[in-house]
file target-v3.cif (mmCIF, C-alpha atoms and all ligand atoms)
data_coords
loop_
_atom_site.label_atom_id
_atom_site.label_comp_id
_atom_site.auth_asym_id
_atom_site.auth_seq_id
_atom_site.Cartn_x
_atom_site.Cartn_y
_atom_site.Cartn_z
CA MET A 13 -56.82 40.07 -12.01
CA SER A 14 -58.34 39.53 -8.65
CA PHE A 15 -56.41 38.90 -5.49
CA GLU A 16 -57.45 35.24 -5.51
CA GLN A 17 -56.32 34.75 -9.11
CA ILE A 18 -52.91 36.23 -8.44
CA LYS A 19 -52.48 34.03 -5.43
CA LYS A 20 -53.22 30.95 -7.48
CA THR A 21 -50.74 31.59 -10.28
CA VAL A 22 -47.84 33.69 -9.01
CA PHE A 23 -45.97 31.09 -6.95
CA PHE A 24 -46.20 28.67 -9.79
CA GLN A 25 -44.72 31.29 -12.13
CA ILE A 26 -41.83 32.02 -9.80
CA LYS A 27 -40.97 28.39 -9.69
CA GLU A 28 -40.50 28.28 -13.46
CA ILE A 29 -38.22 31.28 -13.63
CA ASN A 30 -34.48 30.76 -14.01
CA ASN A 31 -32.99 34.08 -15.02
CA PRO A 32 -32.81 37.46 -13.30
CA ASN A 33 -34.59 39.41 -16.08
CA GLU A 34 -37.71 37.30 -15.95
CA LEU A 35 -37.74 37.57 -12.22
CA GLU A 36 -37.50 41.37 -12.37
CA ASN A 37 -40.34 41.49 -14.88
CA LEU A 38 -42.49 39.42 -12.59
CA ARG A 39 -41.70 41.64 -9.67
CA ILE A 40 -42.70 44.74 -11.67
CA LYS A 41 -45.84 43.04 -12.90
CA TYR A 42 -47.14 42.45 -9.38
CA LEU A 43 -45.28 44.71 -7.02
CA GLY A 44 -44.24 47.60 -9.25
CA ARG A 45 -45.78 51.06 -8.86
CA LYS A 46 -48.58 50.05 -11.19
CA GLY A 47 -48.33 46.37 -10.39
CA GLU A 48 -51.44 44.27 -10.03
CA LEU A 49 -51.03 43.62 -6.34
CA THR A 50 -50.07 47.21 -5.69
CA LEU A 51 -53.29 48.34 -7.39
CA ILE A 52 -55.38 45.97 -5.32
CA LEU A 53 -53.79 47.21 -2.11
CA ARG A 54 -54.35 50.76 -3.17
CA GLY A 55 -58.01 49.99 -3.89
CA LEU A 56 -58.58 48.78 -0.34
CA LYS A 57 -59.23 52.32 0.85
CA ASP A 58 -62.35 52.46 -1.29
CA LEU A 59 -63.92 49.47 0.47
CA SER A 60 -66.22 49.64 3.45
CA ILE A 61 -64.57 49.60 6.84
CA GLU A 62 -65.77 46.10 7.47
CA LYS A 63 -64.37 44.72 4.24
CA ARG A 64 -61.20 46.64 4.67
CA ARG A 65 -60.65 45.04 8.11
CA GLN A 66 -61.23 41.65 6.62
CA GLU A 67 -59.12 41.89 3.48
CA GLY A 68 -56.41 44.35 4.52
CA PRO A 69 -54.33 42.03 6.72
CA LEU A 70 -54.70 39.14 4.26
CA ALA A 71 -53.42 41.27 1.39
CA GLN A 72 -50.53 42.58 3.45
CA ARG A 73 -49.50 39.09 4.46
CA PHE A 74 -49.66 37.93 0.89
CA LYS A 75 -47.52 40.85 -0.25
CA LYS A 76 -44.91 39.83 2.27
CA GLU A 77 -45.00 36.20 1.15
CA LEU A 78 -44.57 37.24 -2.45
CA GLU A 79 -41.60 39.45 -1.65
CA GLU A 80 -39.95 36.64 0.26
CA ALA A 81 -40.53 34.18 -2.56
CA ILE A 82 -38.94 36.60 -5.04
CA ASN A 83 -35.92 37.21 -2.80
CA LYS A 84 -35.40 33.53 -2.31
CA LYS A 85 -35.54 32.91 -6.03
CA GLN A 86 -33.08 35.70 -6.62
CA LYS A 87 -30.54 34.09 -4.31
CA GLU A 88 -31.01 30.77 -6.04
CA ILE A 89 -30.40 32.24 -9.46
CA SER A 90 -27.32 34.24 -8.48
CA GLY A 91 -25.90 31.23 -6.65
CA PHE A 92 -26.34 29.19 -9.76
CA ASN A 93 -24.56 31.81 -11.85
CA SER A 94 -21.58 32.26 -9.54
CA GLN A 95 -21.13 28.52 -9.33
CA LYS A 96 -20.92 28.42 -13.08
CA LYS A 97 -18.33 31.19 -13.01
CA ASN A 98 -16.13 29.22 -10.60
CA GLN A 99 -16.12 26.30 -12.92
CA LEU A 100 -14.24 28.25 -15.53
CA ILE A 101 -10.59 27.25 -15.33
CA ASP A 102 -7.93 29.52 -16.66
CA ILE A 103 -5.42 27.03 -17.99
CA SER A 104 -2.91 29.73 -18.84
CA ARG A 105 -2.26 30.58 -15.17
CA PRO A 106 0.94 29.25 -13.57
CA GLY A 107 0.34 26.19 -11.38
CA LYS A 108 0.86 25.94 -7.64
CA ARG A 109 4.02 24.08 -6.66
CA VAL A 110 3.13 20.93 -4.75
CA LEU A 111 5.36 20.58 -1.72
CA SER A 112 6.81 17.11 -1.41
CA GLY A 113 8.95 15.58 1.31
CA HIS A 114 12.53 14.48 0.77
CA LEU A 115 14.35 11.36 1.84
CA ASN A 116 17.32 11.91 4.07
CA PRO A 117 20.46 11.01 2.07
CA LEU A 118 21.16 8.25 4.58
CA THR A 119 17.84 6.63 3.77
CA LYS A 120 18.54 7.00 0.07
CA ILE A 121 21.95 5.40 0.19
CA GLU A 122 20.75 2.62 2.47
CA LYS A 123 18.08 1.68 -0.06
CA GLU A 124 20.69 1.60 -2.78
CA ILE A 125 23.06 -0.53 -0.73
CA ARG A 126 20.30 -3.02 0.06
CA GLN A 127 19.58 -3.35 -3.67
CA ILE A 128 23.23 -3.90 -4.56
CA PHE A 129 23.67 -6.70 -2.03
CA LEU A 130 20.31 -8.29 -2.81
CA ALA A 131 21.47 -8.50 -6.44
CA MET A 132 24.57 -10.35 -5.21
CA ASN A 133 22.37 -12.89 -3.45
CA PHE A 134 22.79 -11.49 0.07
CA SER A 135 19.85 -11.43 2.48
CA VAL A 136 19.02 -8.33 4.49
CA VAL A 137 18.36 -8.77 8.22
CA GLU A 138 17.97 -6.26 11.01
CA GLY A 139 19.02 -6.44 14.63
CA GLN A 140 18.10 -4.64 17.82
CA GLU A 141 19.45 -1.27 18.94
CA ILE A 142 19.42 -2.28 22.61
CA GLU A 143 21.95 -5.08 22.90
CA ASP A 144 23.71 -6.78 25.75
CA ASP A 145 27.29 -7.15 26.86
CA TYR A 146 27.48 -10.73 25.64
CA HIS A 147 26.45 -10.15 22.03
CA ASN A 148 28.07 -6.75 21.62
CA PHE A 149 31.42 -7.81 23.17
CA ASP A 150 32.00 -11.22 24.81
CA ALA A 151 30.85 -13.46 21.99
CA LEU A 152 32.84 -11.31 19.57
CA HIS A 153 35.99 -12.29 21.43
CA ILE A 154 36.20 -9.04 23.40
CA PRO A 155 36.28 -10.21 27.05
CA LYS A 156 35.22 -7.97 29.95
CA ASP A 157 38.64 -6.62 30.92
CA HIS A 158 40.08 -6.55 27.42
CA PRO A 159 41.62 -3.19 26.50
CA ALA A 160 40.11 -3.46 23.00
CA ARG A 161 36.79 -2.49 24.59
CA ASP A 162 38.10 1.05 24.75
CA ALA A 163 37.73 1.22 20.98
CA TRP A 164 33.96 1.29 21.51
CA ASP A 165 32.93 3.98 23.97
CA THR A 166 29.70 2.60 25.23
CA PHE A 167 26.36 3.97 26.40
CA TRP A 168 25.56 1.50 29.16
CA LEU A 169 21.95 1.09 30.25
CA LYS A 170 20.50 0.16 33.63
CA PRO A 171 19.80 -3.59 33.96
CA ILE A 172 16.04 -4.09 33.89
CA ASN A 173 15.93 -7.29 35.91
CA ASP A 174 17.95 -9.40 38.38
CA LYS A 175 18.82 -11.94 35.74
CA GLN A 176 20.69 -9.39 33.66
CA LEU A 177 22.34 -8.02 36.78
CA LYS A 178 23.56 -11.43 38.03
CA ALA A 179 24.73 -12.67 34.66
CA GLY A 180 26.85 -9.57 34.29
CA ASN A 181 25.15 -9.27 30.95
CA LYS A 182 24.49 -5.59 31.08
CA PRO A 183 22.23 -3.92 28.52
CA LEU A 184 23.74 -1.24 26.30
CA LEU A 185 23.12 0.69 23.10
CA ARG A 186 24.92 -1.37 20.48
CA THR A 187 28.23 0.21 19.51
CA HIS A 188 28.30 -1.61 16.17
CA THR A 189 26.12 -3.92 14.10
CA SER A 190 28.50 -6.87 14.70
CA PRO A 191 26.38 -8.41 17.53
CA MET A 192 23.96 -9.36 14.78
CA GLN A 193 26.68 -11.68 13.42
CA ILE A 194 26.34 -13.66 16.66
CA ARG A 195 22.55 -13.56 16.79
CA TYR A 196 22.28 -14.72 13.20
CA MET A 197 24.75 -17.58 13.63
CA GLU A 198 23.07 -18.68 16.87
CA LYS A 199 19.94 -19.25 14.83
CA TYR A 200 21.06 -20.39 11.37
CA GLN A 201 23.59 -22.76 9.86
CA PRO A 202 25.98 -21.90 7.02
CA PRO A 203 26.37 -21.38 4.17
CA PHE A 204 24.78 -17.93 4.00
CA GLN A 205 25.53 -14.31 3.20
CA ILE A 206 23.77 -11.43 4.92
CA ILE A 207 23.95 -7.70 5.42
CA VAL A 208 22.66 -5.87 8.49
CA PRO A 209 21.93 -2.16 8.11
CA GLY A 210 21.26 -0.34 11.36
CA ARG A 211 21.85 2.51 13.76
CA VAL A 212 24.68 2.34 16.28
CA PHE A 213 25.74 4.51 19.22
CA ARG A 214 29.05 5.70 20.64
CA TYR A 215 29.77 7.80 23.70
CA GLU A 216 32.24 10.05 21.91
CA ALA A 217 33.04 13.64 21.11
CA THR A 218 31.74 14.65 17.69
CA ASP A 219 33.60 16.20 14.79
CA ALA A 220 33.25 16.38 11.01
CA SER A 221 33.59 12.61 10.63
CA HIS A 222 32.31 11.36 14.02
CA GLU A 223 28.80 11.33 15.51
CA THR A 224 27.43 9.77 18.69
CA THR A 225 24.83 8.00 16.60
CA PHE A 226 25.43 6.85 13.07
CA LYS A 227 24.62 3.99 10.76
CA GLN A 228 26.50 0.89 9.77
CA VAL A 229 26.00 -1.89 7.27
CA GLU A 230 27.36 -5.13 8.60
CA GLY A 231 28.15 -7.95 6.22
CA LEU A 232 28.78 -11.62 6.93
CA MET A 233 29.45 -14.44 4.52
CA VAL A 234 30.14 -17.93 5.84
CA GLY A 235 30.72 -21.11 3.88
CA GLU A 236 33.31 -23.69 2.97
CA ASP A 237 36.54 -22.37 1.45
CA ILE A 238 35.60 -18.72 1.79
CA SER A 239 38.78 -16.65 1.67
CA LEU A 240 40.03 -13.08 1.61
CA VAL A 241 39.83 -13.26 -2.18
CA ASN A 242 36.05 -13.60 -2.01
CA PHE A 243 36.01 -10.69 0.40
CA LYS A 244 38.04 -8.46 -1.92
CA PHE A 245 35.85 -9.31 -4.88
CA ILE A 246 32.57 -8.59 -3.08
CA ILE A 247 33.82 -5.31 -1.63
CA GLU A 248 35.16 -4.10 -4.95
CA GLU A 249 31.92 -5.02 -6.73
CA PHE A 250 29.91 -3.25 -4.08
CA LEU A 251 31.96 -0.04 -4.21
CA LYS A 252 31.93 0.03 -8.01
CA LYS A 253 28.16 -0.32 -8.09
CA LEU A 254 27.72 2.40 -5.48
CA PHE A 255 30.28 4.91 -6.81
CA GLY A 256 30.96 3.96 -10.43
CA GLU A 257 33.95 2.27 -12.04
CA LYS A 258 36.45 5.01 -11.23
CA ILE A 259 36.85 4.75 -7.49
CA ASP A 260 39.71 5.54 -5.19
CA PHE A 261 39.92 2.93 -2.46
CA GLU A 262 42.47 0.76 -0.71
CA PHE A 263 42.76 -2.02 1.85
CA ARG A 264 45.00 -1.65 4.87
CA PRO A 265 45.92 -4.18 7.56
CA SER A 266 44.04 -3.57 10.79
CA TYR A 267 43.02 -5.15 14.07
CA TYR A 268 39.66 -6.22 15.48
CA PRO A 269 39.41 -8.99 18.09
CA PHE A 270 36.70 -10.81 16.11
CA VAL A 271 38.63 -11.13 12.84
CA GLU A 272 41.98 -12.52 11.78
CA PRO A 273 43.46 -11.08 9.68
CA GLY A 274 41.83 -7.69 10.01
CA VAL A 275 41.42 -5.20 7.20
CA ASP A 276 40.31 -1.59 6.93
CA VAL A 277 38.81 -0.10 3.77
CA TYR A 278 39.76 3.48 2.97
CA MET A 279 38.36 5.89 0.41
CA LYS A 280 39.25 9.43 -0.66
CA TRP A 281 37.21 12.21 0.96
CA LYS A 282 38.12 15.91 0.93
CA ASN A 283 41.50 14.87 -0.57
CA LYS A 284 42.32 12.68 2.41
CA TRP A 285 41.99 8.96 3.07
CA LEU A 286 38.93 8.20 5.19
CA GLU A 287 38.24 4.84 6.80
CA VAL A 288 34.88 3.60 5.51
CA ALA A 289 34.87 0.03 6.84
CA GLY A 290 36.44 -2.42 9.22
CA ALA A 291 36.57 -6.01 8.05
CA GLY A 292 38.42 -9.31 8.06
CA MET A 293 38.16 -13.09 8.20
CA VAL A 294 35.90 -14.29 11.02
CA HIS A 295 37.99 -15.32 14.05
CA PRO A 296 37.75 -19.03 15.00
CA GLU A 297 36.81 -18.01 18.57
CA VAL A 298 33.71 -16.29 17.20
CA PHE A 299 32.70 -19.50 15.43
CA ARG A 300 33.26 -21.42 18.67
CA ALA A 301 30.97 -19.01 20.54
CA VAL A 302 28.10 -20.00 18.23
CA ASN A 303 29.01 -23.70 18.09
CA TYR A 304 30.26 -23.68 14.53
CA ASN A 305 33.24 -25.92 13.71
CA PRO A 306 36.05 -23.49 12.76
CA TYR A 307 37.84 -26.24 10.86
CA LYS A 308 34.86 -26.66 8.60
CA TRP A 309 33.64 -23.09 8.11
CA GLN A 310 35.34 -19.92 7.04
CA GLY A 311 33.88 -16.51 6.52
CA PHE A 312 34.48 -12.84 6.20
CA ALA A 313 32.76 -9.95 7.93
CA PHE A 314 32.71 -6.24 7.31
CA GLY A 315 31.15 -3.15 8.82
CA PHE A 316 30.72 -0.09 6.61
CA GLY A 317 30.05 3.34 8.02
CA LEU A 318 26.98 4.28 6.07
CA ASP A 319 27.26 7.97 6.89
CA ARG A 320 30.80 8.06 5.56
CA LEU A 321 29.77 6.37 2.31
CA ALA A 322 27.02 8.98 1.96
CA MET A 323 29.48 11.81 2.68
CA ILE A 324 31.70 10.61 -0.16
CA LYS A 325 28.89 9.90 -2.60
CA TYR A 326 27.04 13.19 -2.07
CA LYS A 327 30.11 15.31 -1.22
CA ILE A 328 28.89 16.23 2.24
CA PRO A 329 31.57 18.02 4.26
CA ASP A 330 30.31 17.21 7.78
CA ILE A 331 28.64 14.09 9.22
CA ARG A 332 26.64 16.19 11.69
CA MET A 333 24.54 17.59 8.83
CA PHE A 334 22.67 14.28 8.50
CA TYR A 335 21.13 14.62 11.93
CA GLY A 336 20.84 18.41 12.15
CA GLY A 337 17.26 18.49 10.90
CA ASP A 338 17.98 21.49 8.65
CA LEU A 339 15.43 21.37 5.83
CA ARG A 340 17.70 23.37 3.52
CA PHE A 341 20.03 20.38 3.69
CA VAL A 342 17.49 17.60 3.24
CA LYS A 343 15.69 19.41 0.41
CA GLN A 344 18.75 19.04 -1.78
CA PHE A 345 18.26 15.28 -2.06
N1 LIG B 1 32.30 -3.65 14.07
C1 LIG B 1 33.52 -2.97 13.68
C2 LIG B 1 33.42 -1.51 14.09
O1 LIG B 1 32.35 -1.03 14.34
C3 LIG B 1 33.76 -3.05 12.19
C4 LIG B 1 33.99 -4.46 11.74
C5 LIG B 1 32.94 -5.25 11.32
C6 LIG B 1 35.27 -4.98 11.74
C7 LIG B 1 33.18 -6.55 10.90
C8 LIG B 1 35.51 -6.26 11.33
C9 LIG B 1 34.45 -7.04 10.89
O2 LIG B 1 34.38 -0.81 14.20
#

call {"tool": "encode", "arguments": {"input": "target-v3.cif", "output": "structure tokens", "more": "lines below"}}
Ligand code: PHE
result
Amino acid sequence: MSFEQIKKTVFFQIKEINNPNELENLRIKYLGRKGELTLILRGLKDLSIEKRRQEGPLAQRFKKELEEAINKKQKEISGFNSQKKNQLIDISRPGKRVLSGHLNPLTKIEKEIRQIFLAMNFSVVEGQEIEDDYHNFDALHIPKDHPARDAWDTFWLKPINDKQLKAGNKPLLRTHTSPMQIRYMEKYQPPFQIIVPGRVFRYEATDASHETTFKQVEGLMVGEDISLVNFKFIIEEFLKKLFGEKIDFEFRPSYYPFVEPGVDVYMKWKNKWLEVAGAGMVHPEVFRAVNYNPYKWQGFAFGFGLDRLAMIKYKIPDIRMFYGGDLRFVKQF
């Protein structure tokens, strides 16, 4: 074959090749020791000087082009093969564990509590974590100089404007979810039944059952002829649904300025009685503060410590674990 003939056909041939053996054969055919192009190059020395000068560089350049084309094809073919290899899946190999996040037990129990009360026809509302003196205390029948205020050690905030300052209505981090009782009744008329889950804050020393921030679930049911009997029924239903039929709980008389009579709910935890809620019948003064007629409406209110319910349900020995951020703890739920 002449140089020109090779040039015409070889690139076309390379294009058609798709396996390494064929490619090697082609390389030998043209570039091998006795290859056609090799022979032509070798024959150049027999030509006249003039012809040699003319054809030599052309042949050399062509040889280079051919080598490059072969190399390129080789890469293509091996790439194709290794891609095929990767597609083989060994289904007998153990899988990789997919890491998933975990809900904090407080989130879990809150979801459950919402469901239980929704099923009993309660609505769920949420309040604000930054409250004011009036809603957190005054309207709940806890006047400014009342010693009962000591029961709620308060994180006071700086007033943000003159109006707050003058009205003596200082901002604070709510110490309980009860101010939402007032805000709800300011806006809506009875009858209704609501729960208010939310975070609350207390300026206190911590121990196994006390934190400076924790969660409560407030409840409020107002209507005509609502009595302590309704309260007992709802609470017992709620606890049974959350803990199962066999529960250890009891009611004890208690005192809160915004209820009369007042009740505390206790449950067994670490073989001791632990207070899990404050509650009672809504005080007539609270109804007056929101312009409800206390002769017409009665109601009960309660405030569960959500952390304490979670401690009992999941057998957690220390409330501070909820907020410690230790993954070994959270991963168990
Ligand atoms: N807010 C009270 C507390 O945080 C609990 C409570 C709620 C008591 C509703 C009575 C009625 O201690």

call {"tool": "closest_residue", "arguments": {"input": "target-v3.cif", "among": "A:Phe134, A:Phe334, A:Phe204, A:Phe345", "to": "His114 in chain A", "atoms": "only C-alpha atoms"}}
result
A:Phe345

call {"tool": "residues_near_ligand", "arguments": {"input": "target-v3.cif", "ligand": "ligand LIG 1 (chain B)", "cutoff": "6 Å", "atoms": "all atoms listed in the file", "output": "PyMOL selection string"}}
result
chain A and resi 188+190+268+271+290-292+313-315

call {"tool": "atom_distance", "arguments": {"input": "target-v3.cif", "atom1": "CA of Glu62 in chain A", "atom2": "CA of Phe74 in chain A"}}
result
19.2 Å

call {"tool": "closest_residue", "arguments": {"input": "target-v3.cif", "among": "A:Ile128, A:Asp260, A:Tyr200, A:Ile121", "to": "Arg320 in chain A", "atoms": "all atoms listed in the file"}}
result
A:Ile121

call {"tool": "closest_residue", "arguments": {"input": "target-v3.cif", "among": "A:Lys182, A:Lys252, A:His147, A:Lys308", "to": "Val234 in chain A", "atoms": "only C-alpha atoms"}}
result
A:Lys308

call {"tool": "atom_distance", "arguments": {"input": "target-v3.cif", "atom1": "CA of Pro202 in chain A", "atom2": "CA of Ala151 in chain A"}}
result
17.9 Å

call {"tool": "closest_residue", "arguments": {"input": "target-v3.cif", "among": "A:Phe299, A:Phe263, A:Trp309, A:Phe167", "to": "Ile247 in chain A", "atoms": "all atoms listed in the file"}}
result
A:Phe263

call {"tool": "closest_atom_pairs", "arguments": {"input": "target-v3.cif", "of": "range 165-273 of chain A", "to": "range 323-327 of chain A", "cutoff": "10 Å", "atoms": "all atoms listed in the file", "output": "JSON lines"}}
result
{"residue": "A:Ser221", "atom": "CA", "partner": "A:Met323", "partner_atom": "CA", "distance": 9.0}
{"residue": "A:Leu254", "atom": "CA", "partner": "A:Lys325", "partner_atom": "CA", "distance": 8.1}
{"residue": "A:Phe255", "atom": "CA", "partner": "A:Lys325", "partner_atom": "CA", "distance": 6.7}

call {"tool": "write_last_selection", "arguments": {"input": "target-v3.cif", "atoms": "C-alpha atoms", "output": "tab-separated table (two decimals), in the coordinates of the input"}}
result
chain	number	residue	atom	x	y	z
A	221	SER	CA	33.59	12.61	10.63
A	254	LEU	CA	27.72	2.40	-5.48
A	255	PHE	CA	30.28	4.91	-6.81

call {"tool": "residues_near_point", "arguments": {"input": "target-v3.cif", "point": "(30.9, -3.2, 13.3)", "cutoff": "10 Å", "atoms": "all atoms listed in the file", "output": "ChimeraX atom specification"}}
result
/A:148,164,186-193,208,212,227-231,268,270,289-291,313-317

call {"tool": "atom_distance", "arguments": {"input": "target-v3.cif", "atom1": "CA of Met279 in chain A", "atom2": "CA of Arg264 in chain A"}}
result
11.0 Å
